[in-house]
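Working notes, structure below.
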Amino acid sequence: MSVNERKEILIVTGENSGDIHAAPVVKELKRLHSDLHFFGSGGEALKQEGVELLADVRDLAVMGFSEVPRLLPRLRKLKRAILQRVRSSLVPLAILVDYPGFNLNLAPALKALPHPPQILYYIAPQVWAWRAGRIQKMRDFIDRLAVVLPFEELIFSRAGIRTQFVGHPLLDELNEIQAAPKSNSALAGLTIALLPGSREAVVKRHLRLMLASAEQIHHQCSSLKAIVARAPGLDLRLFQHSARASDWISVNPDSRTALRLSDVAAVCSGTATLEAALMNIPQVVVYRTSLVNFLIARYAVSLPNISLVNVIAGRKVAPELIQDDFTTGNLTNLLIEMLENEPRRREIQHSYDEVRQLLGAPGAAAKTAAMASEMLKL
């Protein structure tokens, strides 16, 4: 097939999680339509699916409001490159994946082109948590919306956006590695997973406190082990202290493997909290950011809980240690309670079952690809 015969499809994501969730959508769309060529921004997962990358997610990820100015020149350059490519290639469809700070700015610019693409937005901005005014921009510029949280379909549909709940992509991604923790009633022989985050600045804030907590527990039980999860793309030097510290702490480049091998976990707030829940691992959710970011977030966010697992459950299923509450002592106490208190573990796991049911059935990528396929035929 010549370049002139293929259809150019834009796909844009700016974070590792979006890259992972988007790749199966591309794979399914290629199965449905052999004449598609994808370009845009992403990471290793999209690259493996043959997507032509104009930018890599490792250069685009933003963590906190204070980091945005540093990335603005890079984001402007990417936006210009995308618009130039879409203008010259007559792209029929753009799939925007999460990353609302950039994608909700890109959408109106795409629609302003002489021959604008249809826009499918996959994984909606969390307007129910903060900046609800963004829903107006979505209504004006998004043609269809694929949401992954059950309550979002009603929110966006009421706002006049054509919306479909497709289920959460983690239900497919974790299908083969779901695991239940061991049911020991003592500390002996147990393992703690430490998931400090997926960005360098966050890991630096979290890992020291997590390791100190694990060491305190290890003093009480020398057979205890800890696994530190190193997210993709993070410099191994961030974790060298962990690897050198002792023979009871190991570093694993796969957070899901770390969770599968563990009995309890300390998890940075984010998608990983939902991973832990779907893998049935009792967890303590932690998060600490700069004072500027924290003050802005406290003013802007209207939810009583910040972790996805608690938001979906509608109550505090997993304890949260946020900002000044995230101390070594507080984390140690909560982890020990989960390790020693089997009824408490069972209570948490029962709540996880409810969360799993709320997330619907597997097949998010296939359902999203079907939506995209319908749009291509219009």
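Every chain in the structure tokens has a letter given in the order shown (A, B, ...), and although residue numbers restart at 1 in each chain, ligands are simply numbered from 1 in the order shown.
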Original post:
Hey, what's within 8 Å of A:Met375 if we count only C-alpha atoms and toss same-chain stuff fewer than 4 positions away? As an MDAnalysis selection string, please?
Top reply: chainID A and resid 93 118 371
Write out, as a Markdown table, each residue of stretch 186-218 of chain A that has an atom at most 10 Å from stretch 255-274 of chain A, together with the closest pair of atoms and their distance in Å to one decimal, counting only C-alpha atoms, rows going by chain and rising number.
| residue | atom | partner | partner_atom | distance |
| --- | --- | --- | --- | --- |
| A:Gly189 | CA | A:Asp263 | CA | 9.7 |
| A:Leu190 | CA | A:Asp263 | CA | 6.3 |
| A:Thr191 | CA | A:Ser262 | CA | 4.8 |
| A:Ile192 | CA | A:Val264 | CA | 5.2 |
| A:Ala193 | CA | A:Ala265 | CA | 4.5 |
| A:Leu194 | CA | A:Ala266 | CA | 5.1 |
| A:Leu195 | CA | A:Val267 | CA | 4.7 |
| A:Pro196 | CA | A:Cys268 | CA | 5.3 |
| A:Gly197 | CA | A:Cys268 | CA | 5.3 |
| A:Ser198 | CA | A:Cys268 | CA | 8.7 |
| A:Val202 | CA | A:Cys268 | CA | 8.5 |
| A:Val203 | CA | A:Cys268 | CA | 8.9 |
| A:His206 | CA | A:Cys268 | CA | 7.8 |
| A:Leu207 | CA | A:Cys268 | CA | 9.7 |
| A:Met210 | CA | A:Ala266 | CA | 7.3 |
| A:Ser213 | CA | A:Ala266 | CA | 9.7 |
| A:Ala214 | CA | A:Ala266 | CA | 9.7 |
Can those selected residues be exported to a file as a PDB file, in the first residue's frame so that it contains C-alpha atoms?
ATOM      1  CA  GLY A 189       7.546 -14.388  55.867  1.00  0.00           C
ATOM      2  CA  LEU A 190       5.667 -11.362  54.538  1.00  0.00           C
ATOM      3  CA  THR A 191       6.574  -8.903  51.792  1.00  0.00           C
ATOM      4  CA  ILE A 192       5.821  -5.194  51.364  1.00  0.00           C
ATOM      5  CA  ALA A 193       5.628  -3.525  47.957  1.00  0.00           C
ATOM      6  CA  LEU A 194       6.772   0.093  47.755  1.00  0.00           C
ATOM      7  CA  LEU A 195       5.439   2.030  44.750  1.00  0.00           C
ATOM      8  CA  PRO A 196       6.905   5.553  45.076  1.00  0.00           C
ATOM      9  CA  GLY A 197       5.574   6.940  41.790  1.00  0.00           C
ATOM     10  CA  SER A 198       6.359   7.188  38.101  1.00  0.00           C
ATOM     11  CA  VAL A 202       7.727  12.262  43.104  1.00  0.00           C
ATOM     12  CA  VAL A 203      10.020   9.297  43.729  1.00  0.00           C
ATOM     13  CA  HIS A 206       8.290   9.386  48.563  1.00  0.00           C
ATOM     14  CA  LEU A 207      10.971   6.715  48.459  1.00  0.00           C
ATOM     15  CA  MET A 210       8.787   4.463  52.350  1.00  0.00           C
ATOM     16  CA  SER A 213       9.022   2.711  57.217  1.00  0.00           C
ATOM     17  CA  ALA A 214      10.025  -0.656  55.763  1.00  0.00           C
TER      18      ALA A 214
END
Subject >> Using only C-alpha atoms: which of A:Asn252, A:Asn105, A:Ser307, A:Gln84 has the shortest distance to A:Glu275 >> reply: A:Ser307
Subject >> Pick from A:Val147, A:Ala318, A:Ala364, A:Leu334, whichever lies nearest to A:Ile348 using only C-alpha atoms >> reply: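 Of the candidates, the smallest distance to A:Ile348 is held by A:Ala318.
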Original post:
Counting only C-alpha atoms, what is within 9 Å of stretch 20-25 of chain A, bar same-chain residues fewer than 5 positions away, as number ranges by chain?
Top reply: A: 11-13, 15, 30, 42-49, 51, 97, 122, 169-170, 173, 364-369
Store the residues picked out above, limited to N, CA and C atoms, as a PDB file, in the first residue's frame.
ATOM      1  N   ILE A  11      -2.987  10.153  17.144  1.00  0.00           N
ATOM      2  CA  ILE A  11      -3.224   9.683  18.506  1.00  0.00           C
ATOM      3  C   ILE A  11      -2.257  10.409  19.425  1.00  0.00           C
ATOM      4  N   VAL A  12      -2.785  11.000  20.485  1.00  0.00           N
ATOM      5  CA  VAL A  12      -1.977  11.866  21.337  1.00  0.00           C
ATOM      6  C   VAL A  12      -2.147  11.481  22.798  1.00  0.00           C
ATOM      7  N   THR A  13      -1.034  11.144  23.439  1.00  0.00           N
ATOM      8  CA  THR A  13      -1.016  10.976  24.883  1.00  0.00           C
ATOM      9  C   THR A  13       0.312  11.510  25.394  1.00  0.00           C
ATOM     10  N   GLU A  15       1.570  10.691  28.786  1.00  0.00           N
ATOM     11  CA  GLU A  15       2.028  10.011  30.001  1.00  0.00           C
ATOM     12  C   GLU A  15       2.184   8.519  29.742  1.00  0.00           C
ATOM     13  N   LYS A  30      -6.128  -1.418  13.890  1.00  0.00           N
ATOM     14  CA  LYS A  30      -5.377  -1.953  12.755  1.00  0.00           C
ATOM     15  C   LYS A  30      -5.968  -3.284  12.297  1.00  0.00           C
ATOM     16  N   GLY A  42       3.565   9.512  22.171  1.00  0.00           N
ATOM     17  CA  GLY A  42       3.361   8.322  22.999  1.00  0.00           C
ATOM     18  C   GLY A  42       4.682   7.808  23.534  1.00  0.00           C
ATOM     19  N   GLY A  43       4.691   6.526  23.856  1.00  0.00           N
ATOM     20  CA  GLY A  43       5.882   5.910  24.420  1.00  0.00           C
ATOM     21  C   GLY A  43       6.174   4.576  23.765  1.00  0.00           C
ATOM     22  N   GLU A  44       6.822   3.710  24.522  1.00  0.00           N
ATOM     23  CA  GLU A  44       7.287   2.445  23.975  1.00  0.00           C
ATOM     24  C   GLU A  44       6.140   1.552  23.498  1.00  0.00           C
ATOM     25  N   ALA A  45       5.020   1.552  24.232  1.00  0.00           N
ATOM     26  CA  ALA A  45       3.903   0.678  23.858  1.00  0.00           C
ATOM     27  C   ALA A  45       3.321   1.075  22.497  1.00  0.00           C
ATOM     28  N   LEU A  46       3.115   2.368  22.267  1.00  0.00           N
ATOM     29  CA  LEU A  46       2.601   2.819  20.979  1.00  0.00           C
ATOM     30  C   LEU A  46       3.648   2.637  19.871  1.00  0.00           C
ATOM     31  N   LYS A  47       4.890   2.841  20.217  1.00  0.00           N
ATOM     32  CA  LYS A  47       5.968   2.640  19.236  1.00  0.00           C
ATOM     33  C   LYS A  47       5.976   1.195  18.756  1.00  0.00           C
ATOM     34  N   GLN A  48       5.766   0.255  19.673  1.00  0.00           N
ATOM     35  CA  GLN A  48       5.746  -1.156  19.295  1.00  0.00           C
ATOM     36  C   GLN A  48       4.560  -1.493  18.396  1.00  0.00           C
ATOM     37  N   GLU A  49       3.511  -0.678  18.459  1.00  0.00           N
ATOM     38  CA  GLU A  49       2.359  -0.879  17.580  1.00  0.00           C
ATOM     39  C   GLU A  49       2.519  -0.156  16.243  1.00  0.00           C
ATOM     40  N   VAL A  51       3.271   3.126  15.757  1.00  0.00           N
ATOM     41  CA  VAL A  51       2.890   4.537  15.724  1.00  0.00           C
ATOM     42  C   VAL A  51       4.124   5.397  15.467  1.00  0.00           C
ATOM     43  N   VAL A  97      -5.933  10.946  24.179  1.00  0.00           N
ATOM     44  CA  VAL A  97      -5.953  10.022  25.311  1.00  0.00           C
ATOM     45  C   VAL A  97      -5.504  10.743  26.579  1.00  0.00           C
ATOM     46  N   TYR A 122     -10.449   9.589  24.704  1.00  0.00           N
ATOM     47  CA  TYR A 122     -10.421   8.346  25.479  1.00  0.00           C
ATOM     48  C   TYR A 122      -9.785   8.631  26.844  1.00  0.00           C
ATOM     49  N   PRO A 169      -9.456   0.044  31.327  1.00  0.00           N
ATOM     50  CA  PRO A 169      -8.469  -0.795  30.621  1.00  0.00           C
ATOM     51  C   PRO A 169      -7.676  -1.708  31.542  1.00  0.00           C
ATOM     52  N   LEU A 170      -7.558  -1.368  32.810  1.00  0.00           N
ATOM     53  CA  LEU A 170      -6.831  -2.235  33.734  1.00  0.00           C
ATOM     54  C   LEU A 170      -7.480  -3.602  33.876  1.00  0.00           C
ATOM     55  N   GLU A 173      -5.679  -5.449  31.231  1.00  0.00           N
ATOM     56  CA  GLU A 173      -4.240  -5.511  31.428  1.00  0.00           C
ATOM     57  C   GLU A 173      -3.844  -6.394  32.607  1.00  0.00           C
ATOM     58  N   ALA A 364     -12.212  -2.651  27.253  1.00  0.00           N
ATOM     59  CA  ALA A 364     -12.181  -1.200  27.018  1.00  0.00           C
ATOM     60  C   ALA A 364     -11.569  -0.848  25.674  1.00  0.00           C
ATOM     61  N   ALA A 365     -10.460  -1.487  25.320  1.00  0.00           N
ATOM     62  CA  ALA A 365      -9.788  -1.159  24.060  1.00  0.00           C
ATOM     63  C   ALA A 365     -10.658  -1.520  22.865  1.00  0.00           C
ATOM     64  N   ALA A 366     -11.288  -2.690  22.903  1.00  0.00           N
ATOM     65  CA  ALA A 366     -12.126  -3.122  21.785  1.00  0.00           C
ATOM     66  C   ALA A 366     -13.333  -2.202  21.611  1.00  0.00           C
ATOM     67  N   LYS A 367     -13.934  -1.795  22.740  1.00  0.00           N
ATOM     68  CA  LYS A 367     -15.099  -0.911  22.663  1.00  0.00           C
ATOM     69  C   LYS A 367     -14.698   0.475  22.145  1.00  0.00           C
ATOM     70  N   THR A 368     -13.542   0.961  22.584  1.00  0.00           N
ATOM     71  CA  THR A 368     -13.074   2.267  22.109  1.00  0.00           C
ATOM     72  C   THR A 368     -12.720   2.210  20.633  1.00  0.00           C
ATOM     73  N   ALA A 369     -12.086   1.124  20.211  1.00  0.00           N
ATOM     74  CA  ALA A 369     -11.750   0.958  18.793  1.00  0.00           C
ATOM     75  C   ALA A 369     -13.016   0.878  17.948  1.00  0.00           C
TER      76      ALA A 369
END
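Taking atom CA of A:Leu29 and atom CA of A:Leu145 as endpoints, the distance between them is 16.6 Å.
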Original post:
Quick one: residues within 10 Å of A:Glu152, only C-alpha atoms counted, chain neighbours fewer than 2 positions away excluded, as a list of chain:residue names?
Top reply: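 Near neighbours after the sequence-gap exclusion: A:Ile123, A:Ala124, A:Pro125, A:Gln126, A:Val127, A:Trp128, A:Ala146, A:Val147, A:Val148, A:Leu149, A:Pro150, A:Leu154, A:Ile155, A:Phe156, A:Ser157, A:Arg158, A:Thr163, A:Gln164, A:Phe165.
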With N, CA and C atoms kept, could you save the residues just selected as an mmCIF file, in the first residue's frame?
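The result, written out as out-v2.cif:
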data_model
loop_
_atom_site.group_PDB
_atom_site.id
_atom_site.type_symbol
_atom_site.label_atom_id
_atom_site.label_comp_id
_atom_site.auth_asym_id
_atom_site.auth_seq_id
_atom_site.Cartn_x
_atom_site.Cartn_y
_atom_site.Cartn_z
ATOM 1 N N ILE A 123 -10.482 8.299 27.899
ATOM 2 C CA ILE A 123 -10.092 8.547 29.296
ATOM 3 C C ILE A 123 -10.258 10.036 29.597
ATOM 4 N N ALA A 124 -11.409 10.364 30.117
ATOM 5 C CA ALA A 124 -11.829 11.757 30.249
ATOM 6 C C ALA A 124 -11.084 12.499 31.353
ATOM 7 N N PRO A 125 -10.939 13.813 31.201
ATOM 8 C CA PRO A 125 -10.426 14.645 32.301
ATOM 9 C C PRO A 125 -11.334 14.507 33.527
ATOM 10 N N GLN A 126 -10.763 14.586 34.684
ATOM 11 C CA GLN A 126 -11.524 14.373 35.918
ATOM 12 C C GLN A 126 -12.219 15.664 36.347
ATOM 13 N N VAL A 127 -13.183 16.076 35.529
ATOM 14 C CA VAL A 127 -13.903 17.317 35.812
ATOM 15 C C VAL A 127 -14.732 17.204 37.087
ATOM 16 N N TRP A 128 -15.039 15.973 37.514
ATOM 17 C CA TRP A 128 -15.790 15.759 38.744
ATOM 18 C C TRP A 128 -14.930 16.029 39.973
ATOM 19 N N ALA A 146 -15.041 8.389 25.271
ATOM 20 C CA ALA A 146 -15.004 7.046 25.856
ATOM 21 C C ALA A 146 -14.482 7.167 27.280
ATOM 22 N N VAL A 147 -15.351 6.905 28.259
ATOM 23 C CA VAL A 147 -14.963 7.083 29.662
ATOM 24 C C VAL A 147 -14.710 5.731 30.309
ATOM 25 N N VAL A 148 -13.863 5.736 31.353
ATOM 26 C CA VAL A 148 -13.415 4.475 31.964
ATOM 27 C C VAL A 148 -13.874 4.324 33.411
ATOM 28 N N LEU A 149 -14.576 5.324 33.935
ATOM 29 C CA LEU A 149 -15.118 5.236 35.284
ATOM 30 C C LEU A 149 -16.636 5.268 35.199
ATOM 31 N N PRO A 150 -17.328 4.439 35.973
ATOM 32 C CA PRO A 150 -18.758 4.211 35.755
ATOM 33 C C PRO A 150 -19.641 5.446 35.891
ATOM 34 N N LEU A 154 -22.822 9.441 32.970
ATOM 35 C CA LEU A 154 -23.965 10.310 33.263
ATOM 36 C C LEU A 154 -23.541 11.768 33.317
ATOM 37 N N ILE A 155 -22.391 12.050 33.929
ATOM 38 C CA ILE A 155 -21.908 13.430 34.060
ATOM 39 C C ILE A 155 -21.750 14.084 32.689
ATOM 40 N N PHE A 156 -21.068 13.389 31.783
ATOM 41 C CA PHE A 156 -20.782 13.984 30.476
ATOM 42 C C PHE A 156 -21.996 13.944 29.546
ATOM 43 N N SER A 157 -22.787 12.896 29.648
ATOM 44 C CA SER A 157 -23.993 12.824 28.815
ATOM 45 C C SER A 157 -24.955 13.959 29.152
ATOM 46 N N ARG A 158 -25.101 14.243 30.445
ATOM 47 C CA ARG A 158 -25.969 15.354 30.867
ATOM 48 C C ARG A 158 -25.460 16.690 30.340
ATOM 49 N N THR A 163 -21.350 10.198 24.916
ATOM 50 C CA THR A 163 -20.432 9.507 25.813
ATOM 51 C C THR A 163 -20.791 8.029 25.947
ATOM 52 N N GLN A 164 -19.755 7.190 26.032
ATOM 53 C CA GLN A 164 -19.957 5.761 26.269
ATOM 54 C C GLN A 164 -18.989 5.290 27.345
ATOM 55 N N PHE A 165 -19.517 4.556 28.339
ATOM 56 C CA PHE A 165 -18.674 3.918 29.354
ATOM 57 C C PHE A 165 -18.144 2.619 28.766
#
Original post:
Quick one: distance from atom CA of A:Ile95 to atom CA of A:Ser41 in Å, one decimal?
Top reply: 10.9 Å
Subject >> Filtered DSSP result for stretch 237-277 of chain A, state strand (DSSP E or B), as an MDAnalysis selection string >> reply: chainID A and resid 249:252 264:268
**OP:** Quick one: pick out all helix (DSSP H, G or I) residues within stretch 139-266 of chain A from a backbone DSSP run and write them as a count of residues only.
**Re:** 51
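Note that atom CA of A:Phe38 and atom CA of A:Phe102 are 18.8 Å apart.
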Original post:
Contacts of stretch 54-61 of chain A at 8 Å or less, counting only C-alpha atoms, minus same-chain residues fewer than 2 places along, as a list in words?
Top reply: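 So the residues in contact are Thr13, Gly14, Glu15, Asn16, Asp19, Phe39, Gly40, Ser41, Gly42, Gly43, Glu52, Met63, Leu71, Arg74, Leu75, Leu78, Ala81, Ile82 and Gly233 of chain A.
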Mind dumping the selected residues with C-alpha atoms as a PDB file, in the first residue's frame?
ATOM      1  CA  THR A  13      -1.016  10.976  24.883  1.00  0.00           C
ATOM      2  CA  GLY A  14       1.546  12.531  27.185  1.00  0.00           C
ATOM      3  CA  GLU A  15       2.028  10.011  30.001  1.00  0.00           C
ATOM      4  CA  ASN A  16       3.224   6.452  30.402  1.00  0.00           C
ATOM      5  CA  ASP A  19       0.667   5.125  26.259  1.00  0.00           C
ATOM      6  CA  PHE A  39       1.195   9.238  14.220  1.00  0.00           C
ATOM      7  CA  GLY A  40       1.340  11.503  17.269  1.00  0.00           C
ATOM      8  CA  SER A  41       2.879  11.316  20.729  1.00  0.00           C
ATOM      9  CA  GLY A  42       3.361   8.322  22.999  1.00  0.00           C
ATOM     10  CA  GLY A  43       5.882   5.910  24.420  1.00  0.00           C
ATOM     11  CA  GLU A  52       5.096   7.264  14.257  1.00  0.00           C
ATOM     12  CA  MET A  63       3.600  16.366  37.778  1.00  0.00           C
ATOM     13  CA  LEU A  71       7.400  22.230  29.582  1.00  0.00           C
ATOM     14  CA  ARG A  74       8.145  21.712  24.272  1.00  0.00           C
ATOM     15  CA  LEU A  75       4.348  21.483  24.259  1.00  0.00           C
ATOM     16  CA  LEU A  78       4.505  19.532  19.584  1.00  0.00           C
ATOM     17  CA  ALA A  81       4.028  19.852  14.531  1.00  0.00           C
ATOM     18  CA  ILE A  82       0.684  18.088  14.988  1.00  0.00           C
ATOM     19  CA  GLY A 233      11.913   5.351  32.100  1.00  0.00           C
TER      20      GLY A 233
END
